[in-house]
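structure01.txt follows (compact mmCIF, C-alpha atoms):
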# COMPACT_ATOMS: atom_id res chain seq x y z
CA MET A 1 61.32 42.21 13.31
CA HIS A 2 60.85 42.10 9.54
CA MET A 3 60.75 45.31 7.56
CA GLU A 4 57.25 44.52 6.23
CA SER A 5 55.77 44.23 9.73
CA GLN A 6 57.08 47.59 10.90
CA PRO A 7 54.56 50.41 10.68
CA GLN A 8 55.44 53.28 8.39
CA PRO A 9 55.89 56.66 10.12
CA ALA A 10 52.53 58.03 8.94
CA GLN A 11 50.68 54.87 10.03
CA ALA A 12 52.24 54.91 13.49
CA ALA A 13 51.59 58.65 13.74
CA LEU A 14 47.83 58.20 13.22
CA ARG A 15 47.50 56.29 16.50
CA SER A 16 49.88 58.57 18.40
CA GLY A 17 48.22 61.69 17.01
CA ALA A 18 44.76 60.42 17.93
CA LEU A 19 45.95 59.62 21.44
CA LEU A 20 47.65 63.02 21.74
CA GLY A 21 44.50 64.82 20.53
CA ILE A 22 42.26 62.91 22.94
CA ILE A 23 44.61 63.65 25.86
CA MET A 24 44.61 67.36 24.97
CA VAL A 25 40.79 67.44 24.74
CA ILE A 26 40.46 65.69 28.11
CA PHE A 27 42.98 68.11 29.65
CA THR A 28 41.05 71.09 28.22
CA PHE A 29 37.73 69.75 29.55
CA ILE A 30 39.26 69.19 33.02
CA VAL A 31 40.56 72.77 33.07
CA TYR A 32 37.15 73.97 31.83
CA VAL A 33 35.39 72.19 34.72
CA ILE A 34 37.89 73.47 37.32
CA GLN A 35 38.25 77.09 36.10
CA SER A 36 36.95 77.88 32.61
CA THR A 37 38.65 81.28 32.32
CA ALA A 38 42.02 79.57 32.72
CA LEU A 39 41.57 78.34 29.13
CA VAL A 40 42.83 81.71 27.88
CA GLY A 41 45.45 82.10 30.58
CA PHE A 42 49.18 82.28 30.01
CA TRP A 43 49.91 79.26 32.23
CA PHE A 44 47.32 77.07 30.51
CA ASN A 45 48.99 77.74 27.16
CA ILE A 46 52.47 77.04 28.57
CA ILE A 47 51.28 73.76 30.13
CA VAL A 48 49.55 72.75 26.88
CA LEU A 49 52.74 73.44 24.91
CA ILE A 50 54.90 71.43 27.35
CA LEU A 51 52.38 68.57 27.45
CA PHE A 52 52.07 68.60 23.66
CA PHE A 53 55.84 68.57 23.08
CA GLY A 54 56.52 66.09 25.87
CA LEU A 55 53.94 63.57 24.71
CA LEU A 56 54.95 63.91 21.07
CA ILE A 57 58.60 63.26 21.96
CA TYR A 58 57.56 60.30 24.13
CA PHE A 59 55.42 58.79 21.33
CA GLY A 60 58.23 59.41 18.82
CA ILE A 61 60.78 57.62 20.98
CA GLN A 62 58.32 54.72 21.44
CA TYR A 63 57.93 54.51 17.66
CA ARG A 64 61.73 54.60 17.21
CA LYS A 65 62.07 51.67 19.65
CA GLN A 66 59.29 49.81 17.82
CA VAL A 67 61.17 50.02 14.51
CA GLY A 68 64.47 48.79 15.90
CA GLY A 69 65.93 51.72 17.83
CA TYR A 70 66.98 53.85 14.87
CA LEU A 71 65.00 56.48 13.00
CA ALA A 72 66.11 58.70 10.14
CA TYR A 73 65.37 62.41 10.38
CA GLY A 74 62.90 62.28 7.48
CA ALA A 75 60.90 59.45 9.05
CA ALA A 76 61.00 61.24 12.43
CA PHE A 77 59.68 64.42 10.78
CA GLN A 78 56.94 62.53 8.95
CA PHE A 79 55.89 60.79 12.17
CA SER A 80 55.85 64.07 14.13
CA PHE A 81 54.05 66.14 11.50
CA VAL A 82 51.31 63.57 10.86
CA ALA A 83 50.80 63.07 14.62
CA LEU A 84 50.48 66.84 15.08
CA ILE A 85 47.98 67.18 12.23
CA VAL A 86 45.81 64.34 13.57
CA SER A 87 45.95 65.69 17.12
CA GLY A 88 45.20 69.20 15.84
CA PHE A 89 42.03 67.99 14.09
CA ILE A 90 40.86 66.17 17.22
CA PHE A 91 41.74 69.11 19.49
CA THR A 92 39.86 71.52 17.20
CA LEU A 93 36.81 69.24 17.13
CA GLY A 94 36.94 69.06 20.94
CA ASN A 95 37.06 72.85 21.16
CA MET A 96 34.14 73.19 18.74
CA LEU A 97 32.17 70.76 20.89
CA LEU A 98 33.02 72.77 24.00
CA TYR A 99 32.29 76.22 22.51
CA HIS A 100 29.22 75.40 20.43
CA VAL A 101 27.48 72.45 22.13
CA ILE A 102 28.53 72.08 25.77
CA ASP A 103 28.82 75.77 26.69
CA PRO A 104 27.90 78.24 23.90
CA ALA A 105 28.24 81.14 26.39
CA LEU A 106 31.87 80.28 27.13
CA PRO A 107 33.45 82.15 24.19
CA GLU A 108 32.01 85.46 25.43
CA VAL A 109 33.39 84.83 28.93
CA LEU A 110 36.81 83.95 27.48
CA ILE A 111 36.81 86.99 25.20
CA GLU A 112 36.14 89.30 28.16
CA LYS A 113 38.96 87.61 30.10
CA GLN A 114 41.35 87.96 27.14
CA LEU A 115 40.45 91.62 26.59
CA ASN A 116 40.92 92.44 30.27
CA SER A 117 44.29 90.64 30.27
CA VAL A 118 45.47 92.59 27.21
CA LEU A 119 44.36 95.90 28.74
CA GLU A 120 46.03 95.09 32.09
CA MET A 121 49.26 94.20 30.33
CA MET A 122 49.16 97.41 28.28
CA ASP A 123 48.59 99.41 31.49
CA ARG A 124 51.65 97.76 33.06
CA PHE A 125 53.71 98.90 30.09
CA GLY A 126 52.22 102.40 30.25
CA ALA A 127 50.34 102.03 26.97
CA GLY A 128 46.83 101.56 28.39
CA ASP A 129 45.50 104.82 26.98
CA SER A 130 46.90 104.27 23.48
CA LEU A 131 43.97 102.10 22.31
CA SER A 132 40.99 103.85 20.80
CA SER A 133 37.48 102.45 21.13
CA ASP A 134 37.72 101.45 17.45
CA ASP A 135 40.91 99.49 18.24
CA LEU A 136 39.15 97.74 21.12
CA ASP A 137 36.14 96.93 18.95
CA GLU A 138 38.40 95.49 16.25
CA MET A 139 40.32 93.44 18.82
CA ARG A 140 37.04 92.11 20.26
CA GLU A 141 35.73 91.28 16.78
CA ASN A 142 38.90 89.32 15.95
CA MET A 143 38.54 87.39 19.21
CA VAL A 144 34.87 86.65 18.49
CA ASP A 145 35.80 85.43 15.01
CA SER A 146 38.42 83.07 16.42
CA PHE A 147 35.75 81.17 18.39
CA THR A 148 33.43 80.60 15.40
CA VAL A 149 33.54 77.30 13.51
CA VAL A 150 35.09 79.05 10.50
CA GLY A 151 37.55 80.84 12.78
CA GLN A 152 38.54 77.57 14.40
CA ILE A 153 39.08 75.95 10.99
CA LYS A 154 41.21 78.94 9.90
CA GLY A 155 43.14 78.65 13.16
CA LEU A 156 43.78 74.98 12.44
CA GLY A 157 45.09 75.92 8.99
CA VAL A 158 47.53 78.41 10.53
CA SER A 159 48.47 75.76 13.08
CA PHE A 160 49.72 73.51 10.26
CA ILE A 161 52.60 75.96 9.71
CA ILE A 162 53.39 75.92 13.43
CA TYR A 163 53.09 72.11 13.42
CA ALA A 164 55.67 71.89 10.63
CA VAL A 165 58.14 73.90 12.71
CA MET A 166 57.36 71.84 15.83
CA ALA A 167 57.80 68.63 13.80
CA LEU A 168 61.23 69.82 12.61
CA ILE A 169 62.30 70.34 16.23
CA VAL A 170 60.79 67.09 17.54
CA ALA A 171 62.29 65.12 14.63
CA ALA A 172 65.73 66.43 15.56
CA ILE A 173 65.15 65.16 19.11
CA ILE A 174 63.77 61.69 18.28
CA LYS A 175 65.95 60.76 15.30
CA LYS A 176 68.74 58.32 15.93
CA LYS A 177 71.30 57.32 13.34
CA ASP A 178 72.57 53.75 13.13
CA LYS A 179 76.34 54.33 13.37
CA SER A 180 77.06 50.77 12.22
CA GLN A 181 75.80 51.77 8.75
CA ASP A 182 78.61 54.34 8.35
CA TYR A 183 81.50 53.15 6.19

What does this structure look like when you write it as structure tokens?
Amino acid sequence: MHMESQPQPAQAALRSGALLGIIMVIFTFIVYVIQSTALVGFWFNIIVLILFFGLLIYFGIQYRKQVGGYLAYGAAFQFSFVALIVSGFIFTLGNMLLYHVIDPALPEVLIEKQLNSVLEMMDRFGAGDSLSSDDLDEMRENMVDSFTVVGQIKGLGVSFIIYAVMALIVAAIIKKKDKSQDY
């Protein structure tokens, strides 16, 4: 394969990121149809993280194979970070569609579920009575804000920092040095 015909990391990441984002949106919609309150559950978030990492590593290894089997750390990071940003945009758009078009009542249901989960957890740790009604109101308001369009965009912005850290980790996994180039 000639160097000119090999896609650059960012170019290859656009396709992988789009695919990753679409898969995550489809997964979210399937969970929504089966049990909507699971969207704020601990296990849903763990599965999403594993799926996200697993697919990103898989796509990164596929890209490494496509460019000859070797990938420098910098190129692996660039591939991973761009793929995460693209998938994050698509995932956020999918969530906006779900929360504001498909089921505008869903955020309220999820907020109640989240609040109940937090209160149950605090009770288990013996701190259930430590929250004032003002604290609960503030917590609820923050949760409400996170489901708004502006809140989702802010959340995506914060996610970019998390994506950078994830990309550093994934790049370390998918990089592969060509030992024959060592002198």

*Once you count all atoms listed in the file, which residues end up no further than 9 Å from (53.5, 64.0, 21.6) in the file's frame, shown as an MDAnalysis selection string?*
chainID A and resid 16:17 19:20 51:60 80 83:84 87 170

Pull C-alpha atoms from the residues just selected and write them as a PDB file, in the frame of the given file.
ATOM      1  CA  SER A  16      49.880  58.570  18.400  1.00  0.00           C
ATOM      2  CA  GLY A  17      48.220  61.690  17.010  1.00  0.00           C
ATOM      3  CA  LEU A  19      45.950  59.620  21.440  1.00  0.00           C
ATOM      4  CA  LEU A  20      47.650  63.020  21.740  1.00  0.00           C
ATOM      5  CA  LEU A  51      52.380  68.570  27.450  1.00  0.00           C
ATOM      6  CA  PHE A  52      52.070  68.600  23.660  1.00  0.00           C
ATOM      7  CA  PHE A  53      55.840  68.570  23.080  1.00  0.00           C
ATOM      8  CA  GLY A  54      56.520  66.090  25.870  1.00  0.00           C
ATOM      9  CA  LEU A  55      53.940  63.570  24.710  1.00  0.00           C
ATOM     10  CA  LEU A  56      54.950  63.910  21.070  1.00  0.00           C
ATOM     11  CA  ILE A  57      58.600  63.260  21.960  1.00  0.00           C
ATOM     12  CA  TYR A  58      57.560  60.300  24.130  1.00  0.00           C
ATOM     13  CA  PHE A  59      55.420  58.790  21.330  1.00  0.00           C
ATOM     14  CA  GLY A  60      58.230  59.410  18.820  1.00  0.00           C
ATOM     15  CA  SER A  80      55.850  64.070  14.130  1.00  0.00           C
ATOM     16  CA  ALA A  83      50.800  63.070  14.620  1.00  0.00           C
ATOM     17  CA  LEU A  84      50.480  66.840  15.080  1.00  0.00           C
ATOM     18  CA  SER A  87      45.950  65.690  17.120  1.00  0.00           C
ATOM     19  CA  VAL A 170      60.790  67.090  17.540  1.00  0.00           C
TER      20      VAL A 170
END

_What does the structure give for the distance between atom CA of A:Lys175 and atom CA of A:Leu14, in Å to one decimal?_
18.4 Å

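Going from atom CA of A:Gly94 over to atom CA of A:Ala164, you cover 21.6 Å.
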
_For atom CA of A:Glu108 and atom CA of A:Met24, the interatomic separation in Å (one decimal)_ = 22.1 Å

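For the choices A:Phe91, A:Asp103, A:Pro9, A:Trp43, the atom-to-atom distance to A:Phe27 is smallest for A:Phe91 when using only C-alpha atoms.
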
*asked:* Residues within 10 Å of A:Val149, please, as an MDAnalysis selection string. Count only C-alpha atoms; anything in the same chain fewer than 4 positions from it doesn't count.
replied: chainID A and resid 92:93 95:97 99:100 145 153:155

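Using all atoms listed in the file, the contacts of A:Phe81 at a cut-off of 9 Å, with sequence neighbours closer than 6 positions omitted, comprise A:Ala10, A:Ala13, A:Phe160, A:Tyr163, A:Ala164, A:Val165, A:Met166, A:Ala167, A:Leu168, A:Ala171.
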
*Write out as a ChimeraX atom specification the residues lying within 8 Å of A:Arg140, counting only C-alpha atoms and excluding same-chain residues fewer than 3 positions away.*
/A:111,115,136-137,143-144

_Polymer residues at most 12 Å from A:Lys179, all atoms listed in the file, same-chain spacing of 6 or more positions, as a PyMOL selection string_ = chain A and resi 69-72

Expected axis-aligned box over every listed atom of stretch 78-91 of chain A, 3 Å added per side, centre plus edges in Å to one decimal, as JSON:
{"center_x": 48.9, "center_y": 65.0, "center_z": 14.2, "size_x": 22.1, "size_y": 14.4, "size_z": 16.5}

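Among the candidates A:Ala75, A:Val82, A:Ile162, A:Met139, the residue lying nearest to A:Lys177 is A:Ala75 (atoms considered: all atoms listed in the file).
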
Render stretch 83-100 of chain A from the structure in the preceding block as a file of N, CA and C atoms, as a CSV table (one decimal), in the first residue's frame.
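Just written: out.csv:
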chain,number,residue,atom,x,y,z
A,83,ALA,N,-12.2,10.1,16.9
A,83,ALA,CA,-13.4,9.1,16.9
A,83,ALA,C,-14.3,9.4,18.1
A,84,LEU,N,-13.7,9.7,19.3
A,84,LEU,CA,-14.5,9.9,20.4
A,84,LEU,C,-15.3,11.2,20.3
A,85,ILE,N,-14.7,12.3,19.7
A,85,ILE,CA,-15.4,13.5,19.6
A,85,ILE,C,-16.6,13.4,18.6
A,86,VAL,N,-16.3,12.7,17.5
A,86,VAL,CA,-17.4,12.5,16.5
A,86,VAL,C,-18.5,11.6,17.1
A,87,SER,N,-18.2,10.6,17.8
A,87,SER,CA,-19.2,9.7,18.4
A,87,SER,C,-19.9,10.5,19.5
A,88,GLY,N,-19.2,11.3,20.2
A,88,GLY,CA,-19.8,12.1,21.3
A,88,GLY,C,-20.9,13.1,20.7
A,89,PHE,N,-20.6,13.7,19.6
A,89,PHE,CA,-21.6,14.6,19.0
A,89,PHE,C,-22.8,13.8,18.5
A,90,ILE,N,-22.6,12.7,17.9
A,90,ILE,CA,-23.7,11.9,17.4
A,90,ILE,C,-24.6,11.4,18.6
A,91,PHE,N,-23.9,10.9,19.7
A,91,PHE,CA,-24.5,10.4,20.9
A,91,PHE,C,-25.4,11.5,21.5
A,92,THR,N,-24.8,12.7,21.6
A,92,THR,CA,-25.5,13.8,22.2
A,92,THR,C,-26.7,14.2,21.4
A,93,LEU,N,-26.6,14.2,20.0
A,93,LEU,CA,-27.7,14.5,19.2
A,93,LEU,C,-28.8,13.4,19.3
A,94,GLY,N,-28.4,12.2,19.5
A,94,GLY,CA,-29.4,11.1,19.7
A,94,GLY,C,-30.1,11.3,21.0
A,95,ASN,N,-29.4,11.7,22.1
A,95,ASN,CA,-30.0,11.9,23.3
A,95,ASN,C,-31.0,13.1,23.3
A,96,MET,N,-30.6,14.2,22.6
A,96,MET,CA,-31.5,15.3,22.4
A,96,MET,C,-32.8,14.9,21.7
A,97,LEU,N,-32.6,14.1,20.7
A,97,LEU,CA,-33.8,13.6,19.9
A,97,LEU,C,-34.7,12.8,20.9
A,98,LEU,N,-34.1,11.9,21.7
A,98,LEU,CA,-34.9,11.1,22.6
A,98,LEU,C,-35.6,12.0,23.7
A,99,TYR,N,-34.8,12.9,24.3
A,99,TYR,CA,-35.4,13.7,25.4
A,99,TYR,C,-36.3,14.8,25.0
A,100,HIS,N,-36.2,15.3,23.8
A,100,HIS,CA,-36.9,16.5,23.4
A,100,HIS,C,-37.9,16.3,22.3
